[in-house]
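The next block holds one structure in the form of structure tokens; read it before the comments.
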There are 2 protein chains.
Amino acid sequence: MTAKQSIRVLLAEDQTMLRGALAALLELEHDIEVVAQAADGREAQRLEREHHPDIVVTDIEMPQMTGLEFASHLKDSGSQARVIILTTFARPGYLRRALDAGAHGYLLKDRPASELAEAIRRVHSGLRAVDPALAAEAWAADADPLSDRERQILQRAGDGRSSADIATELHLSEGTVRNYLSEAIAKLGAANRTDAARIARTRGWL
Amino acid sequence: MTAKQSIRVLLAEDQTMLRGALAALLELEHDIEVVAQAADGREAQRLEREHHPDIVVTDIEMPQMTGLEFASHLKDSGSQARVIILTTFARPGYLRRALDAGAHGYLLKDRPASELAEAIRRVHSGLRAVDPALAAEAWAADADPLSDRERQILQRAGDGRSSADIATELHLSEGTVRNYLSEAIAKLGAANRTDAARIARTRGWL
DNA sequence: GCTACCAGATGACAAATGTCATAACCGATT
DNA sequence: AATCGGTTATGACATTTGTCATCTGGTAGC
């Protein structure tokens with residue numbers, strides 16, 4: 001029997017009520033301790049450096065920085081923390097990017113709350129915790145054809161920003177922005193930038 | 001046994017993890033008892049008739065039947081249950097419709113979990129529980145400025161369809177479609193059609 | 001009747017968007 | 001050394017989008 005050491009968890013989720021409820025629930029587990037809670041990606045990054053948790057549980061769609069970017073930065077920084085992605089979206093593209101970003105778990109918010117504690121224990125013991133149905137679907141799905149730049153620009157275009165506007169923000173020429181959008185439209189078989197953004201979103205590439 | 005009678009609650013929310021976590025959290029309150037849980041509107045309706053709860057806590061966007069429709073039917077059926085709407089969306093249009101449907105509470109998922117128990121007690125004691133910031137916004141909020149045609153066309157434009165495409169579908173000339181879009185863009189203070197669609201969506205006008 | 005106000009259309013124009021060819025630079029792979 | 005993919009840039013061009021003034025036919029109100 002090992003000494004009773006709690007698993008130290010950082011919880012990053014922008015919806016306050018869900019975050020609070022999950023934290024309270026995890027605290028009921030005697031072998032799990034929620035050491036910090038973050039409402040956005042940047043705060044999560046700061047708190048990880050401060051608390052050095054064993055496990056990070058993070059949503060994908062958050063303000064400031066997505067959970068996927070956060071996971072990616074964590075990997076690059078050589079952090080010990082293992083990441084579990086917790087999201088609404090059963091999009092194969094998200095799962096693939098999550099695994100590329102070094103995530104050890106991928107759990108859907110559609111699953112029972114009890115599975116979260118279970119996944120935390122699995123990942124802490126060195127195993128993976130990926131939704132089996134989703135893993136199968138991800139195998140059949142085609143890969144994300146977009147480069148980082150294309151994705152970054154398509155995101156902004158999908159929000160209704162003009163080419164000139166995006167160019168200024170990213171310190172690019174307007175022509176370059178148009179080139180990237182033209183490429184993305186062609187790759188996705190879309191009719192225009194708005195259509196391309198819509199397609200990319202439904203596939204989990206944005 | 002204490003003299004106090006528990007408040008009997010029905011919880012309707014389609015996201016399993018949030019539903020489970022909230023139920024667990026409410027069970028910790030000694031004066032609240034979750035007597036049933038529903039994953040969609042129709043199930044909620046069935047369980048309400050079966051358990052006769054004091055309070056119904058319901059999401060808006062659910063399969064089968066929305067929380068607003070559910071609340072409306074409850075009112076018509078002469079049920080004793082009082083309704084608290086629990087939703088992600090701070091859309092004035094939703095709040096207004098919720099109050100029209102006879103809801104006694106309107107709470108955002110962005111608020112701390114502790115407020116839910118508090119709201120349940122308030123509503124059970126005959127008071128209302130409406131997010132104050134949202135109530136103010138709803139009062140100040142201007143009405144939907146879009147005509148039916150404008151909304152119809154803006155919907156399609158927001159999905160990435162071209163003016164010519166939309167014109168064909170609606171049996172209009174392309175110029176007319178562009179005129180309507182121009183009007184909508186001006187009314188919403190948007191930069192272009194995509195921006196206009198985004199704005200209209202966030203306001204609940206689309 | 002007259003009037004006002006729709007929805008829809010037209011034409012003209014400016015601005016934004018999409019396409020394509022071409023070219024330079026860089027780092028990684030072969 | 002040669003090649004490839006990703007990034008950035010420019011210029012030219014066609015198409016689409018956004019704006020505005022103006023026109024028509026219908027319908028509802030006085």
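Identifiers in the structure tokens: chain A, B, ... in order shown; residue index from 1 per chain; ligand index from 1 in order shown.
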
Report task. Extract, using only C-alpha atoms (C1' of nucleotides), all DNA, RNA and protein residues at most 9 Å from region 7-19 of chain A, discarding same-chain residues fewer than 2 positions from it, and format them as a VMD selection string. Result -> (chain A and resid 5 21 to 24 31 to 41 43 to 44 47 to 48 51 to 63 67 86 120 to 121 124) or (chain B and resid 17 to 18 21 to 22 88 108 to 116)

Exercise answer, chain A residues close to chain D, 8 Å and only C-alpha atoms (C1' of nucleotides), as a PDB file with all heavy atoms, in the first residue's frame:
```pdb
ATOM      1  N   LEU A 172       1.253  41.564 -41.366  1.00  0.00           N
ATOM      2  CA  LEU A 172       1.465  40.973 -42.687  1.00  0.00           C
ATOM      3  C   LEU A 172       0.987  41.977 -43.723  1.00  0.00           C
ATOM      4  O   LEU A 172       0.321  42.948 -43.384  1.00  0.00           O
ATOM      5  CB  LEU A 172       0.656  39.680 -42.831  1.00  0.00           C
ATOM      6  CG  LEU A 172       1.040  38.512 -41.916  1.00  0.00           C
ATOM      7  CD1 LEU A 172       0.034  37.383 -42.054  1.00  0.00           C
ATOM      8  CD2 LEU A 172       2.432  38.029 -42.257  1.00  0.00           C
ATOM      9  N   SER A 173       1.295  41.736 -45.000  1.00  0.00           N
ATOM     10  CA  SER A 173       0.718  42.594 -46.034  1.00  0.00           C
ATOM     11  C   SER A 173      -0.680  42.075 -46.352  1.00  0.00           C
ATOM     12  O   SER A 173      -0.988  40.904 -46.128  1.00  0.00           O
ATOM     13  CB  SER A 173       1.580  42.562 -47.285  1.00  0.00           C
ATOM     14  OG  SER A 173       1.227  41.474 -48.100  1.00  0.00           O
ATOM     15  N   GLY A 175      -2.037  41.562 -49.193  1.00  0.00           N
ATOM     16  CA  GLY A 175      -1.972  40.550 -50.252  1.00  0.00           C
ATOM     17  C   GLY A 175      -1.677  39.167 -49.693  1.00  0.00           C
ATOM     18  O   GLY A 175      -2.256  38.168 -50.128  1.00  0.00           O
ATOM     19  N   THR A 176      -0.802  39.120 -48.710  1.00  0.00           N
ATOM     20  CA  THR A 176      -0.455  37.834 -48.093  1.00  0.00           C
ATOM     21  C   THR A 176      -1.667  37.206 -47.417  1.00  0.00           C
ATOM     22  O   THR A 176      -1.911  36.007 -47.557  1.00  0.00           O
ATOM     23  CB  THR A 176       0.670  38.030 -47.067  1.00  0.00           C
ATOM     24  OG1 THR A 176       1.787  38.605 -47.730  1.00  0.00           O
ATOM     25  CG2 THR A 176       1.072  36.718 -46.447  1.00  0.00           C
TER      26      THR A 176
END
```

Query raised in the report: Which RMSD value, in Å, follows from superposing chain B onto chain A on all C-alpha atoms in order by least squares?
Result: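 So the superposition leaves a C-alpha RMSD of 4.8 Å.
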
Query - strand (DSSP E) per DSSP on the backbone: members of region 94-183 of chain B, as a list of chain:residue names - result: B:Gly105, B:Tyr106, B:Leu107, B:Leu108, B:Ala129, B:Val130

**Report entry** Of the listed residues A:Ala196, A:Gly160, A:Ile84, A:Arg42, that which approaches Val123 (chain A) most closely, counting only C-alpha atoms
**Finding:**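 Once distances to Val123 (chain A) are computed over only C-alpha atoms, the minimum belongs to A:Ile84.
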
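Any residue of chain C with an atom within 12 Å of chain B counts; using only C-alpha atoms (C1' of nucleotides), that gives C:DC6, C:DA7, C:DG8, C:DA9, C:DT10, C:DG11, C:DA15, C:DA16, C:DT17.
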
**Report entry** One-decimal distance in Å that lies between CA of Leu206 (chain A) and CA of Gly93 (chain A)
**Finding:** 8.8 Å

Query raised in the report: Do you know which residues are at most 12 Å from Gly78 (chain A) counting only C-alpha atoms (C1' of nucleotides), after dropping those on the same chain fewer than 5 positions away, and could you put them as a PyMOL selection string?
Result: chain A and resi 49+52+71-73+102
